[in-house]
Amino acid sequence: MDQTATRIVPGAPPLELRGVTKVFDRPAVDALNLTIKAGELYALLGPNGAGKTTTLRMVTGLLKPDAGSIHVFGIDALANPRDTKQLVAWLPDEPLLYDKLTPLEYLEFVASLWSVPAGIAGPRAEELLRWLGLWENRNDRCETFSRGMKQKASLAGALIHDPKLMILDEPLTGLDASVARQVKDLLQDRVKAGNTVILTTHILEVAERMADRIGIIQHGRLLAEGTLADLRARAGAGQSTLEDVFLQLVAEPDEVA
Amino acid sequence: MSQPSASIGLLLAHELRLTWRQWFTRKQTGPAKRRRVPPLIIVALVLLAVIVMAGIPVARGLQDQALEVNAIAVLIGDAVILFVFTLMLSQTLVTAVQVFYDRGDFDLLLSSPTSPTRILAVRTASMAINPTLLVWALATPFVLPMAVYGHPEFLAVYPVGLAVALLASAAGIAIALFLFRTIGPRRTRTVAQVLAALIGALFVIVANLPNMIASPDESDNFWIWLSAEAAAGTLEVPGFLYGPTQALFGEPVPLLIFLVLSLAIFTVVALVVGRRFAENAAAAQGAGASSKRPPRRAADRAPRFGATASRAILTKEFRLLLRDPGLISQVLLRVFYLIPVTLVIMQTSDDVSGFGAAIAAGAITLLAGQLAGSLAWITISAEDSPQLLAVSPIPIRQFWRAKLMATLVPPAIMVAPAVIGLALFAPLAAVIAAVGAVAAAGSAGLVNLWLQKPARRQEFRRQWSSSFAPSIMELVLSLLIAVATGLAAFGLWLWAAAPAGLALAALILCRRSEAAMQERLSIA
């Protein structure tokens with residue numbers, strides 16, 4: 001962990017993508033350039049199939065790009081994936097859990113994968129489980145949990161190694177209002193503490209209220225990026241909501257006409 | 001005005017499509033989608049091959065023989081029907097739980113305007129159709145040539161197969177409902193699997209019981225005695241046993257009685273018992289995760305953080321294996337199946353330190369290979385959370401090493417008592433068996449690693465269709481190494497070299513580089 005920390009390039013952005021391309025049957029991500037600043041909450045928005053999840057999966061090392069470069073805190077993620085993975089947490093919409101393990105056993109396992117020392121992992125696991133309201137269920141198997149409880153257990157796993165960069169794909173899918181609120185509070189706390197968060201969401205109000213900057217992606221390319229005010233100005237949409245701005249920006253030319 | 005609703009034909013086609021896809025459709029992985037030979041053509045080609053290679057020679061051999069329903073024919077005919085029934089019951093019991101509980105679509109079906117009775121009738125009928133088609137497919141290569149070569153009466157196998165399937169389905173539904181109501185839906189799945197396999201093995205065990213309990217000095221076994229009695233014409237069989245065999249031999253009245261009786265039993269069970277089962281299943285689905293059963297709770301203990309990654313992976317794999325009752329039951333049943341077979345073969349040999357020891361060494365090897373193969377599939381291909389492992393900073397080869405280790409330890413523990421037992425009367429054979437077991441288990445693990453294909457844990461029971469290549473290779477390797485081990489234990493070292501060499505060649509053919517595996521699994 002310390003070795004990785006020393007590899008971080010001072011002043012380098014948490015995430016920098018240059019010309020990143022991924023082609024399946026058609027280009028899913030097309031020469032994408034993206035820079036995320038330190039300590040910001042960045043919302044990556046786009047219609048279904050726009051390339052959001054593919055982009056994030058390449059950043060987390062789940063997919064190999066066909067072209068381009070990815071740097072995490074200045075470290076080349078393609079050349080040194082282990083170093084960058086040490087700094088990143090990935091939370092997809094489907095919880096990364098083992099149904100037959102308890103939350104505590106799950107955290108023991110994840111902490112070992114990220115080499116978190118016992119003296120740090122133990123107290124942090126208890127703190128996370130208490131904060132997420134799972135402490136009383138710490139010895140229950142995850143198979144008996146509701147979807148919200150599973151997502152919270154998965155979130156605890158993502159936080160056990162105190163990641164500097166959190167990447168979340170639709171983290172609020174299927175969560176009830178109280179759990180969703182807890183997750184949103186947690187993300188904002190992380191950002192206040194100087195960490196960086198990237199999330200995708202179809203709930204545009206969440207992005208509107210929480211994100212420092214918003215990127216809108218379509219056909220694998222970045223259509224627009226900036227604060228809500230920047231996007232409004234770009235769309236010439238005055239005081240419109242993000243939903244209006246989004247729909248205007250992603251509208252196909254024939255739809256606009 | 002009555003609302004239009006799904007016809008029986010449409011519902012039945014839906015059921016059959018689901019079943020067909022469950023057994024024959026394999027998940028496509030990776031970007032390249034190769035064109036595959038349609039399963040129907042493969043099945044037809046296999047049937048044709050069996051007809052030519054076995055069916056026609058057998059039919060020609062029986063062409064001029066008068067086949068009559070005498071006492072020995074009744075015993076054989078009834079035994080065949082009973083055997084088919086137990087196999088079908090084994091299948092329908094599992095199917096009953098699957099279609100009524102696991103498939104989870106009762107909410108959808110029962111919320112539609114289609115009559116619940118119609119839905120239920122079709123679903124239970126589909127349960128009988130699948131084993132019927134299977135028996136017909138297995139019988140056809142022999143029945144058709146026999147019909148052509150002078151024995152058309154054996155076409156009665158088709159209606160008899162249907163009747164047995166109806167009885168087996170009725171029994172399967174009734175047993176599943178009984179389990180459902182007494183031990184609850186979750187446990188029913190596990191218990192039904194175990195029961196199904198026990199029923200499947202029951203016939204083999206019962207058939208060998210007279211031999212297994214016979215004293216070793218008896219020269220004749222039960223079946224030889226039975227043949228002698230039949231040849232002498234002194235064998236007597238109770239009258240009621242004649243019916244099923246007479247039906248099998250195409251006698252119209254017994255055939256009609258058998259068919260009508262089984263249809264009546266099936267209808268009563270489907271409409272009365274099945275309705276209750278469907279209601280329970282729908283209620284269980286509504287309950288979802290919050291079933292009445294209290295949550296499974298691990299013992300309260302001090303957390304153990306700070307383990308090395310390899311140790312953490314091993315611990316996690318052992319926990320998952322030990323907490324999967326379905327898996328444990330399947331693994332134990334493999335042991336259960338091999339025990340009677342080994343005992344019987346050993347009893348047929350006069351010299352327990354020679355032929356018997358060689359058979360035991362081969363069986364131990366086969367057992368180790370099969371156990372390791374199952375566990376390797378579960379731990380490697382059926383990883384619950386592959387994304388978590390892929391995003392962690394641990395090299396993938398470290399996961400694979402730990403997972404291989406996890407697949408080798410349980411078979412080692414399970415075959416150790418057998419090896420020690422063998423060592424008491426044949427020490428050299430025991431050493432050879434131990435080497436063979438390690439080779440077979442290691443090969444099975446490596447094949448599952450090299451040819452791995454992501455699958456879900458729940459697919460364990462149909463592992464053969466979801467991971468055909470590793471499953472077939474693992475079986476072939478286990479058999480080759482078991483044969484080599486048996487021959488070596490018998491002292492035929494040179495003969496043992498041939499299957500051992502073949503196994504080695506097959507293993508080398510299966511080998512994949514780490515880069516190729518990562519490419520195949522789309523791991524960055």
# chains A, B, ... in the order shown; residues from 1 in each chain; ligands from 1
$ residues_around --residues "range 477-481 of chain B" --least-positions-apart "3" --cutoff "12 Å" --atoms "only C-alpha atoms" --output "JSON, numbers by chain"
{"B": [361, 362, 363, 364, 365, 366, 367, 368, 369, 370, 371, 372, 373, 432, 433, 434, 435, 436, 437, 438, 439, 440, 441, 442, 443, 444, 445, 446, 447, 448, 470, 471, 472, 473, 474, 484, 485, 486, 487, 488, 489, 495, 496, 497, 498, 499, 500, 501, 502, 503, 504, 505, 506, 507, 508, 509, 510]}
$ select_by_dssp --residues "range 18-257 of chain A" --states "helix (DSSP H, G or I)" --output "MDAnalysis selection string"
chainID A and resid 52:59 81:85 103:113 118:131 135:137 142:144 147:159 177:192 204:210 228:235 242:250 253:256
$ residues_around --residues "Glu383 in chain B" --least-positions-apart "2" --cutoff "12 Å" --atoms "only C-alpha atoms" --output "VMD selection string"
(chain A and resid 96 to 99) or (chain B and resid 313 316 to 317 320 to 321 375 to 381 385 to 390 399 to 400 403 449 452 to 460)
$ write_last_selection --atoms "N, CA, C and O atoms" --output "short mmCIF file (atom, residue, chain, number, x, y, z; two decimals), in the first residue's frame"
data_model
loop_
_atom_site.label_atom_id
_atom_site.label_comp_id
_atom_site.auth_asym_id
_atom_site.auth_seq_id
_atom_site.Cartn_x
_atom_site.Cartn_y
_atom_site.Cartn_z
N LEU A 96 -21.43 -6.86 -5.18
CA LEU A 96 -20.35 -7.85 -5.31
C LEU A 96 -20.27 -8.65 -4.02
O LEU A 96 -19.43 -8.39 -3.16
N LEU A 97 -21.15 -9.60 -3.87
CA LEU A 97 -21.25 -10.31 -2.58
C LEU A 97 -21.20 -11.82 -2.77
O LEU A 97 -21.34 -12.32 -3.87
N TYR A 98 -21.00 -12.50 -1.65
CA TYR A 98 -21.15 -13.96 -1.61
C TYR A 98 -22.31 -14.25 -0.67
O TYR A 98 -22.25 -13.93 0.52
N ASP A 99 -23.36 -14.83 -1.21
CA ASP A 99 -24.56 -15.05 -0.40
C ASP A 99 -24.32 -15.88 0.84
O ASP A 99 -24.99 -15.73 1.85
N ILE B 313 -8.45 -16.41 0.46
CA ILE B 313 -9.19 -17.05 -0.65
C ILE B 313 -9.54 -18.49 -0.27
O ILE B 313 -10.67 -18.95 -0.47
N LYS B 316 -12.30 -18.50 2.28
CA LYS B 316 -13.58 -18.16 1.63
C LYS B 316 -14.12 -19.36 0.84
O LYS B 316 -15.31 -19.69 0.92
N GLU B 317 -13.24 -20.03 0.08
CA GLU B 317 -13.71 -21.17 -0.73
C GLU B 317 -14.23 -22.29 0.17
O GLU B 317 -15.27 -22.88 -0.12
N LEU B 320 -17.62 -21.39 1.55
CA LEU B 320 -18.69 -21.48 0.55
C LEU B 320 -19.03 -22.95 0.25
O LEU B 320 -20.20 -23.29 0.09
N LEU B 321 -18.00 -23.79 0.20
CA LEU B 321 -18.26 -25.21 -0.08
C LEU B 321 -19.05 -25.86 1.06
O LEU B 321 -20.02 -26.58 0.84
N LEU B 375 -15.67 -29.94 -7.52
CA LEU B 375 -15.28 -28.81 -6.67
C LEU B 375 -14.56 -27.74 -7.49
O LEU B 375 -14.75 -26.55 -7.28
N ALA B 376 -13.75 -28.19 -8.46
CA ALA B 376 -13.03 -27.23 -9.30
C ALA B 376 -14.01 -26.41 -10.11
O ALA B 376 -13.86 -25.20 -10.26
N TRP B 377 -15.03 -27.08 -10.62
CA TRP B 377 -16.04 -26.35 -11.41
C TRP B 377 -16.71 -25.29 -10.53
O TRP B 377 -16.89 -24.15 -10.94
N ILE B 378 -17.06 -25.72 -9.31
CA ILE B 378 -17.75 -24.79 -8.40
C ILE B 378 -16.85 -23.61 -8.04
O ILE B 378 -17.27 -22.45 -8.08
N THR B 379 -15.61 -23.89 -7.68
CA THR B 379 -14.75 -22.81 -7.17
C THR B 379 -14.19 -21.94 -8.30
O THR B 379 -14.01 -20.74 -8.10
N ILE B 380 -13.93 -22.54 -9.46
CA ILE B 380 -13.28 -21.77 -10.53
C ILE B 380 -14.31 -21.17 -11.50
O ILE B 380 -14.35 -19.95 -11.68
N SER B 381 -15.13 -22.02 -12.10
CA SER B 381 -16.08 -21.50 -13.11
C SER B 381 -17.25 -20.77 -12.45
O SER B 381 -17.75 -19.79 -12.99
N SER B 385 -18.56 -13.93 -7.40
CA SER B 385 -18.30 -12.50 -7.56
C SER B 385 -17.01 -12.27 -8.37
O SER B 385 -16.03 -11.75 -7.84
N PRO B 386 -17.02 -12.66 -9.64
CA PRO B 386 -15.78 -12.54 -10.43
C PRO B 386 -15.29 -11.11 -10.56
O PRO B 386 -14.08 -10.86 -10.65
N GLN B 387 -16.23 -10.15 -10.55
CA GLN B 387 -15.81 -8.74 -10.69
C GLN B 387 -14.98 -8.29 -9.50
O GLN B 387 -14.02 -7.53 -9.65
N LEU B 388 -15.37 -8.78 -8.32
CA LEU B 388 -14.61 -8.38 -7.12
C LEU B 388 -13.16 -8.84 -7.24
O LEU B 388 -12.23 -8.09 -6.93
N LEU B 389 -12.99 -10.08 -7.69
CA LEU B 389 -11.63 -10.60 -7.84
C LEU B 389 -10.88 -9.84 -8.93
O LEU B 389 -9.69 -9.55 -8.79
N ALA B 390 -11.60 -9.50 -10.02
CA ALA B 390 -10.93 -8.83 -11.14
C ALA B 390 -10.50 -7.40 -10.78
O ALA B 390 -9.50 -6.91 -11.30
N PHE B 399 -5.22 -16.17 -7.43
CA PHE B 399 -6.57 -16.71 -7.17
C PHE B 399 -6.66 -18.14 -7.66
O PHE B 399 -7.18 -19.01 -6.98
N TRP B 400 -6.16 -18.37 -8.86
CA TRP B 400 -6.29 -19.70 -9.45
C TRP B 400 -5.53 -20.74 -8.64
O TRP B 400 -6.02 -21.85 -8.45
N LYS B 403 -7.52 -21.41 -5.52
CA LYS B 403 -8.75 -22.14 -5.81
C LYS B 403 -8.45 -23.60 -6.14
O LYS B 403 -9.21 -24.49 -5.76
N LEU B 449 -9.60 -25.47 -14.77
CA LEU B 449 -8.98 -24.14 -14.77
C LEU B 449 -8.72 -23.68 -16.20
O LEU B 449 -9.08 -22.57 -16.58
N GLN B 452 -12.04 -23.22 -18.25
CA GLN B 452 -13.12 -22.65 -17.46
C GLN B 452 -14.03 -21.75 -18.29
O GLN B 452 -13.61 -21.11 -19.25
N LYS B 453 -15.27 -21.74 -17.88
CA LYS B 453 -16.28 -20.94 -18.55
C LYS B 453 -17.21 -20.42 -17.47
O LYS B 453 -17.78 -21.22 -16.72
N PRO B 454 -17.34 -19.09 -17.34
CA PRO B 454 -18.14 -18.57 -16.23
C PRO B 454 -19.55 -19.17 -16.20
O PRO B 454 -20.20 -19.29 -17.23
N ALA B 455 -19.96 -19.56 -15.00
CA ALA B 455 -21.30 -20.13 -14.84
C ALA B 455 -21.81 -19.75 -13.46
O ALA B 455 -21.06 -19.20 -12.65
N ARG B 456 -23.07 -20.02 -13.22
CA ARG B 456 -23.61 -19.73 -11.90
C ARG B 456 -23.62 -20.99 -11.06
O ARG B 456 -23.79 -22.09 -11.59
N ARG B 457 -23.44 -20.81 -9.75
CA ARG B 457 -23.41 -21.95 -8.82
C ARG B 457 -24.65 -22.82 -8.96
O ARG B 457 -24.59 -24.03 -8.83
N GLN B 458 -25.79 -22.16 -9.21
CA GLN B 458 -27.05 -22.90 -9.29
C GLN B 458 -27.05 -23.88 -10.46
O GLN B 458 -27.90 -24.76 -10.54
N GLU B 459 -26.10 -23.69 -11.40
CA GLU B 459 -26.08 -24.56 -12.57
C GLU B 459 -25.33 -25.87 -12.30
O GLU B 459 -25.09 -26.65 -13.22
N PHE B 460 -24.95 -26.10 -11.04
CA PHE B 460 -24.12 -27.25 -10.72
C PHE B 460 -24.72 -28.57 -11.23
O PHE B 460 -24.02 -29.40 -11.78
#
$ interface_residues --of "chain A" --to "chain B" --cutoff "9 Å" --atoms "only C-alpha atoms" --output "number ranges by chain"
A: 24-25, 58, 60-65, 78, 81-86, 88-90, 95-102, 104-122, 137-146
$ residues_around --residues "range 228-232 of chain A" --least-positions-apart "4" --cutoff "8 Å" --atoms "only C-alpha atoms" --output "list in words"
Glu208, Arg213, Ile214, Ala224, Gly236, Ala237, Gly238, Gln239, Ser240, Leu242 and Val245 of chain A
$ write_last_selection --atoms "all heavy atoms" --output "PDB file, in the first residue's frame"
ATOM      1  N   GLU A 208     -27.964  16.299 -10.358  1.00  0.00           N
ATOM      2  CA  GLU A 208     -28.188  17.746 -10.279  1.00  0.00           C
ATOM      3  C   GLU A 208     -27.849  18.276  -8.897  1.00  0.00           C
ATOM      4  O   GLU A 208     -27.239  19.330  -8.742  1.00  0.00           O
ATOM      5  CB  GLU A 208     -29.655  18.043 -10.622  1.00  0.00           C
ATOM      6  CG  GLU A 208     -29.990  19.511 -10.708  1.00  0.00           C
ATOM      7  CD  GLU A 208     -31.389  19.742 -11.284  1.00  0.00           C
ATOM      8  OE1 GLU A 208     -32.036  18.770 -11.735  1.00  0.00           O
ATOM      9  OE2 GLU A 208     -31.825  20.892 -11.292  1.00  0.00           O
ATOM     10  N   ARG A 213     -19.363  18.269 -11.040  1.00  0.00           N
ATOM     11  CA  ARG A 213     -19.349  18.409 -12.501  1.00  0.00           C
ATOM     12  C   ARG A 213     -20.097  17.223 -13.109  1.00  0.00           C
ATOM     13  O   ARG A 213     -20.169  16.132 -12.511  1.00  0.00           O
ATOM     14  CB  ARG A 213     -17.911  18.430 -13.029  1.00  0.00           C
ATOM     15  CG  ARG A 213     -17.212  19.763 -12.808  1.00  0.00           C
ATOM     16  CD  ARG A 213     -15.964  19.892 -13.669  1.00  0.00           C
ATOM     17  NE  ARG A 213     -15.079  18.739 -13.508  1.00  0.00           N
ATOM     18  CZ  ARG A 213     -14.358  18.219 -14.499  1.00  0.00           C
ATOM     19  NH1 ARG A 213     -14.439  18.733 -15.718  1.00  0.00           N
ATOM     20  NH2 ARG A 213     -13.552  17.189 -14.293  1.00  0.00           N
ATOM     21  N   ILE A 214     -20.610  17.448 -14.276  1.00  0.00           N
ATOM     22  CA  ILE A 214     -21.408  16.424 -14.956  1.00  0.00           C
ATOM     23  C   ILE A 214     -20.836  16.229 -16.360  1.00  0.00           C
ATOM     24  O   ILE A 214     -20.536  17.211 -17.054  1.00  0.00           O
ATOM     25  CB  ILE A 214     -22.889  16.864 -15.052  1.00  0.00           C
ATOM     26  CG1 ILE A 214     -23.486  17.013 -13.646  1.00  0.00           C
ATOM     27  CG2 ILE A 214     -23.714  15.888 -15.892  1.00  0.00           C
ATOM     28  CD1 ILE A 214     -24.766  17.815 -13.599  1.00  0.00           C
ATOM     29  N   ALA A 224     -20.833  16.779 -23.704  1.00  0.00           N
ATOM     30  CA  ALA A 224     -20.706  18.039 -22.973  1.00  0.00           C
ATOM     31  C   ALA A 224     -20.208  17.731 -21.569  1.00  0.00           C
ATOM     32  O   ALA A 224     -20.387  16.614 -21.069  1.00  0.00           O
ATOM     33  CB  ALA A 224     -22.058  18.726 -22.898  1.00  0.00           C
ATOM     34  N   GLY A 236     -28.151  26.464 -23.962  1.00  0.00           N
ATOM     35  CA  GLY A 236     -28.968  27.674 -24.099  1.00  0.00           C
ATOM     36  C   GLY A 236     -30.305  27.487 -23.423  1.00  0.00           C
ATOM     37  O   GLY A 236     -31.350  27.876 -23.941  1.00  0.00           O
ATOM     38  N   ALA A 237     -30.256  26.837 -22.233  1.00  0.00           N
ATOM     39  CA  ALA A 237     -31.513  26.424 -21.599  1.00  0.00           C
ATOM     40  C   ALA A 237     -31.871  27.219 -20.357  1.00  0.00           C
ATOM     41  O   ALA A 237     -32.694  26.777 -19.556  1.00  0.00           O
ATOM     42  CB  ALA A 237     -31.421  24.942 -21.250  1.00  0.00           C
ATOM     43  N   GLY A 238     -31.294  28.364 -20.169  1.00  0.00           N
ATOM     44  CA  GLY A 238     -31.675  29.234 -19.052  1.00  0.00           C
ATOM     45  C   GLY A 238     -31.648  28.548 -17.705  1.00  0.00           C
ATOM     46  O   GLY A 238     -30.630  27.999 -17.314  1.00  0.00           O
ATOM     47  N   GLN A 239     -32.794  28.573 -17.006  1.00  0.00           N
ATOM     48  CA  GLN A 239     -32.867  27.974 -15.668  1.00  0.00           C
ATOM     49  C   GLN A 239     -33.514  26.594 -15.699  1.00  0.00           C
ATOM     50  O   GLN A 239     -34.107  26.138 -14.723  1.00  0.00           O
ATOM     51  CB  GLN A 239     -33.663  28.889 -14.729  1.00  0.00           C
ATOM     52  CG  GLN A 239     -32.946  30.173 -14.368  1.00  0.00           C
ATOM     53  CD  GLN A 239     -31.583  29.916 -13.718  1.00  0.00           C
ATOM     54  OE1 GLN A 239     -31.478  29.218 -12.722  1.00  0.00           O
ATOM     55  NE2 GLN A 239     -30.527  30.486 -14.286  1.00  0.00           N
ATOM     56  N   SER A 240     -33.390  25.906 -16.821  1.00  0.00           N
ATOM     57  CA  SER A 240     -34.022  24.588 -16.952  1.00  0.00           C
ATOM     58  C   SER A 240     -33.402  23.587 -15.987  1.00  0.00           C
ATOM     59  O   SER A 240     -32.300  23.801 -15.476  1.00  0.00           O
ATOM     60  CB  SER A 240     -33.843  24.060 -18.374  1.00  0.00           C
ATOM     61  OG  SER A 240     -34.377  24.976 -19.286  1.00  0.00           O
ATOM     62  N   LEU A 242     -31.772  19.808 -15.002  1.00  0.00           N
ATOM     63  CA  LEU A 242     -30.769  18.985 -15.671  1.00  0.00           C
ATOM     64  C   LEU A 242     -31.456  18.029 -16.656  1.00  0.00           C
ATOM     65  O   LEU A 242     -30.928  17.727 -17.730  1.00  0.00           O
ATOM     66  CB  LEU A 242     -29.964  18.190 -14.630  1.00  0.00           C
ATOM     67  CG  LEU A 242     -28.935  17.209 -15.192  1.00  0.00           C
ATOM     68  CD1 LEU A 242     -27.887  17.927 -16.036  1.00  0.00           C
ATOM     69  CD2 LEU A 242     -28.257  16.433 -14.070  1.00  0.00           C
ATOM     70  N   VAL A 245     -31.991  19.835 -19.844  1.00  0.00           N
ATOM     71  CA  VAL A 245     -30.699  20.052 -20.502  1.00  0.00           C
ATOM     72  C   VAL A 245     -30.202  18.740 -21.112  1.00  0.00           C
ATOM     73  O   VAL A 245     -29.777  18.696 -22.272  1.00  0.00           O
ATOM     74  CB  VAL A 245     -29.665  20.594 -19.485  1.00  0.00           C
ATOM     75  CG1 VAL A 245     -28.274  20.674 -20.108  1.00  0.00           C
ATOM     76  CG2 VAL A 245     -30.094  21.961 -18.973  1.00  0.00           C
TER      77      VAL A 245
END
$ residues_around --residues "Glu170 in chain A" --least-positions-apart "3" --cutoff "8 Å" --atoms "only C-alpha atoms" --output "ChimeraX atom specification"
/A:92-93,173,199-202
$ atom_distance --atom1 "CA of Leu198 in chain B" --atom2 "CA of Ala416 in chain B"
24.1 Å
$ closest_residue --among "A:Lys37, A:Arg26, A:His219, A:Arg18" --to "Ile70 in chain A" --atoms "only C-alpha atoms"
A:Arg18
$ closest_residue --among "B:Trp450, B:Phe468, B:Phe258, B:Tyr242" --to "Ala79 in chain B" --atoms "only C-alpha atoms"
B:Tyr242
$ atom_distance --atom1 "CA of Ile72 in chain B" --atom2 "CA of Glu229 in chain B"
9.2 Å
$ atom_distance --atom1 "CA of Val122 in chain B" --atom2 "CA of Leu10 in chain B"
9.6 Å
$ select_by_dssp --residues "range 22-133 of chain A" --states "strand (DSSP E)" --output "list in words"
Lys22, Val23, Pro27, Ala28, Val29, Asp30, Ala31, Leu32, Asn33, Leu34, Thr35, Ile36, Leu41, Tyr42, Ala43, Leu44, Leu45, Ala67, Gly68, Ser69, Ile70, His71, Val72, Ile75, Asp76, Val88, Ala89, Trp90 and Leu91 of chain A
$ closest_residue --among "B:Met127, B:Leu475, B:Ala430, B:Ala137" --to "Ala44 in chain B" --atoms "only C-alpha atoms"
B:Ala137
$ residues_around --residues "range 71-75 of chain A" --least-positions-apart "2" --cutoff "10 Å" --atoms "only C-alpha atoms" --output "PyMOL selection string"
chain A and resi 4-5+7-18+35-38+59-60+69+77-81+83-85+87-88+164-165
$ residues_around --residues "Ala31 in chain A" --least-positions-apart "2" --cutoff "6 Å" --atoms "only C-alpha atoms" --output "PyMOL selection string"
chain A and resi 19-21
